[in-house]
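S.K.: If you scroll down you'll find the structure; I have some questions about it.
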Amino acid sequence: MAVPVFRFAPSPNGELHLGHAYSALLNAKLARENGGRFLLRIEDIDITRCRREFEEGIYHDLAWLGLEWEEPVRRQSEHFGEYGKLLERLIAEELVYPAFMSRSEIRAYIADAETRGERWPHDPDGAPLYPGMEKQMSRRERRRRIDRGEAFAWRLDTEAALASVVNPLFWREATSEKLDGTERIDAQVEAWGDVIVARKEIPTSYHLSVVADDALQGVTHVVRGRDLYQATGIQRLLQELFGLPAPIYFHHALVPGPEGRKLSKSLRDSGIRVLREAGATPAEVRGMIGIA
Ligand code: GLU
């Protein structure tokens with residue numbers, strides 16, 4: 001069997017907390033136990049929120065925890081050209097459209113629909129689905145608005161994309177972290193509506209880059225938090241559109257914060273740097289999340 005490839009793919013838009021440490025350590029452990037490779041990938045496409053100092057912090061924290069990864073590390077911000085080529089394919093196939101509505105315009109549109117008694121659908125993350133009026137817009141009008149410099153995002157025409165896919169959309173989810181069995185999960189893509197696949201200034205998005213890189217890096221096992229479980233459906237759709245292979249997925253339970261709450265962005269009691277500076281040892285931090 002081919003060598004399994006695992007990856008930990010943090011976004012450097014903040015400091016690592018116990019949840020990240022768990023994910024990274026679990027991936028490295030599975031790579032070790034299965035004679036596989038462990039990659040670290042920096043998902044820094046959001047150039048407004050990602051910072052070099054957070055990236056340096058990630059390397060420092062992971063090394064302190066005792067992790068080793070292959071070099072060079074893939075930094076997504078260095079590969080916009082590659083993602084742009086994939087976006088071009090979706091544009092040529094008319095599976096994306098420029099979406100011009102701002103956040104406040106979307107809100108107003110939906111509020112208006114709701115006063116007329118319509119129940120507006122929301123995606124699995126709780127965001128209202130995009131109205132998608134631009135799908136009816138003529139090419140000329142789209143061109144005119146783009147040329148005029150209006151803000152827009154490239155959104156997937158999810159209905160058209162689903163119609164263009166012949167295979168049923170599902171993924172294999174490992175039934176436990178032993179990776180000794182999988183179950184078939186049918187993708188619920190419609191629930192997401194027309195997701196953003198690229199921005200006007202950045203020719204990619206989380207979903208597009210993640211499927212591009214997992215394929216390019218030969219990732220065989222995507223092991224990540226349960227919060228990304230539903231997003232897997234969209235990623236499977238993009239893999240089918242681009243003809244990319246589907247890895248096996250395992251979505252692990254999230255590390256609970258204090259008193260069982262969700263780990264918050266405030267890192268007072270869960271940030272790796274904070275814990276280290278308070279005198280915790282790497283073994284103690286691993287003990288806190290139950291991963292030796
Ligand atoms: N970069 C994503 C995050 O930090 C994770 C991507 C993934 O594991 O698929 O949430």
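A note on labels: chains of the structure tokens are A, B, ... as shown, every chain counts residues from 1, and ligands are counted from 1 in their shown order.
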Could you list, as an mmCIF file with C-alpha atoms, in the first residue's frame, all protein and nucleic acid residues with an atom at most 9 Å from ligand 1, counting only C-alpha atoms and all ligand atoms?

M.R.:
data_model
loop_
_atom_site.group_PDB
_atom_site.id
_atom_site.type_symbol
_atom_site.label_atom_id
_atom_site.label_comp_id
_atom_site.auth_asym_id
_atom_site.auth_seq_id
_atom_site.Cartn_x
_atom_site.Cartn_y
_atom_site.Cartn_z
ATOM 1 C CA ARG A 7 -1.351 16.961 7.452
ATOM 2 C CA PHE A 8 -2.024 19.658 9.989
ATOM 3 C CA ALA A 9 -3.169 22.854 8.259
ATOM 4 C CA PRO A 10 -3.528 25.812 10.625
ATOM 5 C CA SER A 11 -4.368 29.385 9.630
ATOM 6 C CA PRO A 12 -1.932 31.896 11.152
ATOM 7 C CA ASN A 13 -4.633 34.356 12.212
ATOM 8 C CA HIS A 20 -4.904 22.889 17.564
ATOM 9 C CA SER A 23 -5.204 17.999 16.031
ATOM 10 C CA ARG A 41 0.664 23.440 5.780
ATOM 11 C CA ILE A 42 0.148 27.126 6.454
ATOM 12 C CA GLU A 43 -3.287 28.280 5.271
ATOM 13 C CA ASP A 44 -2.618 31.988 4.998
ATOM 14 C CA TYR A 206 -10.525 28.110 2.067
ATOM 15 C CA HIS A 207 -12.501 25.395 0.214
ATOM 16 C CA VAL A 210 -7.749 23.014 0.712
ATOM 17 C CA VAL A 211 -8.876 20.613 -2.029
ATOM 18 C CA ASP A 214 -4.645 18.040 -0.335
ATOM 19 C CA VAL A 222 -7.637 14.405 6.321
ATOM 20 C CA VAL A 223 -7.808 14.360 10.117
ATOM 21 C CA ARG A 224 -9.335 17.543 11.532
ATOM 22 C CA GLY A 225 -11.915 18.841 13.986
ATOM 23 C CA ASP A 227 -16.370 21.658 13.189
ATOM 24 C CA LEU A 228 -15.353 20.989 9.574
ATOM 25 C CA ALA A 231 -17.840 21.481 5.007
ATOM 26 C CA THR A 232 -16.544 18.181 3.656
#

S.K.: Considering only helix (DSSP H, G or I) as DSSP defines it on the backbone, what residues of stretch 213-254 of chain A qualify? List them as a VMD selection string.

M.R.: chain A and resid 213 to 216 226 to 228 231 to 242

S.K.: For A:Lys178, which residue out of A:His252, A:Leu67, A:Arg52, A:Gly132 is the nearest one, using only C-alpha atoms?

M.R.: A:His252

S.K.: Run DSSP on the backbone and give me the residues of stretch 178-221 of chain A it puts in strand (DSSP E), as a count of residues only.

M.R.: 10

S.K.: If you count only C-alpha atoms, which residues fall within 12 Å of A:Lys200, apart from same-chain ones fewer than 5 positions away, as a PyMOL selection string?

M.R.: chain A and resi 84+87+97-100+146-147+149-155+205

S.K.: When you look at A:Leu263 with a cut-off of 12 Å (counting only C-alpha atoms), what residues show up, excluding the ones that are within fewer than 3 positions of it in the same chain? I need them as an MDAnalysis selection string.

M.R.: chainID A and resid 16:20 227 254:260 266:271

S.K.: Just the selected residues (N, CA, C and O atoms), exported as a short mmCIF file (atom, residue, chain, number, x, y, z; two decimals), in the first residue's frame, please.

M.R.:
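That gives us result-v9.cif:
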data_model
loop_
_atom_site.label_atom_id
_atom_site.label_comp_id
_atom_site.auth_asym_id
_atom_site.auth_seq_id
_atom_site.Cartn_x
_atom_site.Cartn_y
_atom_site.Cartn_z
N LEU A 16 -2.01 29.36 18.62
CA LEU A 16 -2.52 27.99 18.75
C LEU A 16 -3.06 27.76 20.15
O LEU A 16 -2.50 28.24 21.13
N HIS A 17 -4.15 26.99 20.25
CA HIS A 17 -4.67 26.61 21.56
C HIS A 17 -4.70 25.08 21.66
O HIS A 17 -4.22 24.37 20.76
N LEU A 18 -5.25 24.58 22.76
CA LEU A 18 -5.21 23.14 23.01
C LEU A 18 -5.89 22.35 21.88
O LEU A 18 -5.50 21.22 21.58
N GLY A 19 -6.92 22.93 21.27
CA GLY A 19 -7.61 22.25 20.16
C GLY A 19 -6.67 22.03 18.98
O GLY A 19 -6.64 20.94 18.40
N HIS A 20 -5.88 23.05 18.65
CA HIS A 20 -4.90 22.89 17.56
C HIS A 20 -3.86 21.84 17.95
O HIS A 20 -3.47 21.02 17.13
N ASP A 227 -15.74 20.43 13.69
CA ASP A 227 -16.37 21.66 13.19
C ASP A 227 -16.30 21.75 11.67
O ASP A 227 -17.04 22.54 11.07
N LEU A 254 -13.97 17.86 19.34
CA LEU A 254 -13.27 19.10 19.68
C LEU A 254 -12.88 19.07 21.16
O LEU A 254 -13.60 18.51 21.98
N VAL A 255 -11.74 19.65 21.44
CA VAL A 255 -11.29 19.75 22.84
C VAL A 255 -12.20 20.76 23.55
O VAL A 255 -12.33 21.89 23.09
N PRO A 256 -12.86 20.35 24.63
CA PRO A 256 -13.74 21.31 25.30
C PRO A 256 -12.93 22.35 26.08
O PRO A 256 -11.83 22.08 26.54
N GLY A 257 -13.50 23.53 26.18
CA GLY A 257 -12.87 24.60 26.96
C GLY A 257 -13.23 24.43 28.42
O GLY A 257 -13.81 23.42 28.81
N PRO A 258 -12.89 25.43 29.24
CA PRO A 258 -13.23 25.35 30.67
C PRO A 258 -14.73 25.15 30.86
O PRO A 258 -15.52 25.71 30.11
N GLU A 259 -15.10 24.34 31.82
CA GLU A 259 -16.50 24.01 32.12
C GLU A 259 -17.25 23.48 30.90
O GLU A 259 -18.45 23.72 30.75
N GLY A 260 -16.52 22.77 30.04
CA GLY A 260 -17.19 22.13 28.91
C GLY A 260 -17.64 23.07 27.81
O GLY A 260 -18.25 22.65 26.84
N SER A 266 -10.21 33.65 23.32
CA SER A 266 -9.39 34.20 24.40
C SER A 266 -8.58 33.03 24.97
O SER A 266 -9.13 31.99 25.34
N LEU A 267 -7.27 33.17 24.94
CA LEU A 267 -6.40 32.03 25.15
C LEU A 267 -5.88 31.95 26.57
O LEU A 267 -4.92 31.26 26.85
N ARG A 268 -6.54 32.63 27.47
CA ARG A 268 -6.05 32.74 28.84
C ARG A 268 -5.68 31.39 29.46
O ARG A 268 -4.67 31.24 30.09
N ASP A 269 -6.58 30.40 29.25
CA ASP A 269 -6.31 29.12 29.89
C ASP A 269 -6.06 27.99 28.90
O ASP A 269 -5.94 26.85 29.28
N SER A 270 -5.99 28.31 27.61
CA SER A 270 -5.82 27.22 26.65
C SER A 270 -4.78 27.51 25.58
O SER A 270 -4.47 26.67 24.77
N GLY A 271 -4.23 28.71 25.55
CA GLY A 271 -3.21 29.04 24.55
C GLY A 271 -1.91 28.31 24.84
O GLY A 271 -1.49 28.22 26.00
#

S.K.: Return the single residue from A:Arg143, A:Arg116, A:His221, A:Arg199 that is closest to A:Leu39, with distances computed using only C-alpha atoms.

M.R.: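 For A:Leu39, the nearest of the candidates is A:His221.
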
S.K.: Using only C-alpha atoms, determine which residues lie at most 6 Å from stretch 160-177 of chain A, disregarding the query and same-chain residues fewer than 3 positions distant; provide the list as a PyMOL selection string.

M.R.: chain A and resi 95+157+181-187+248-250

S.K.: One number please: atom CA of A:Cys50 to atom CA of A:Ser209, in Å, one decimal.

M.R.: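 One can read the atom CA of A:Cys50 to atom CA of A:Ser209 distance as 15.3 Å.
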
S.K.: Measure the distance from atom CA of A:Val73 to atom CA of A:Leu26 in Å and round it to one decimal.

M.R.: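 We find that atom CA of A:Val73 and atom CA of A:Leu26 lie 18.6 Å from each other.
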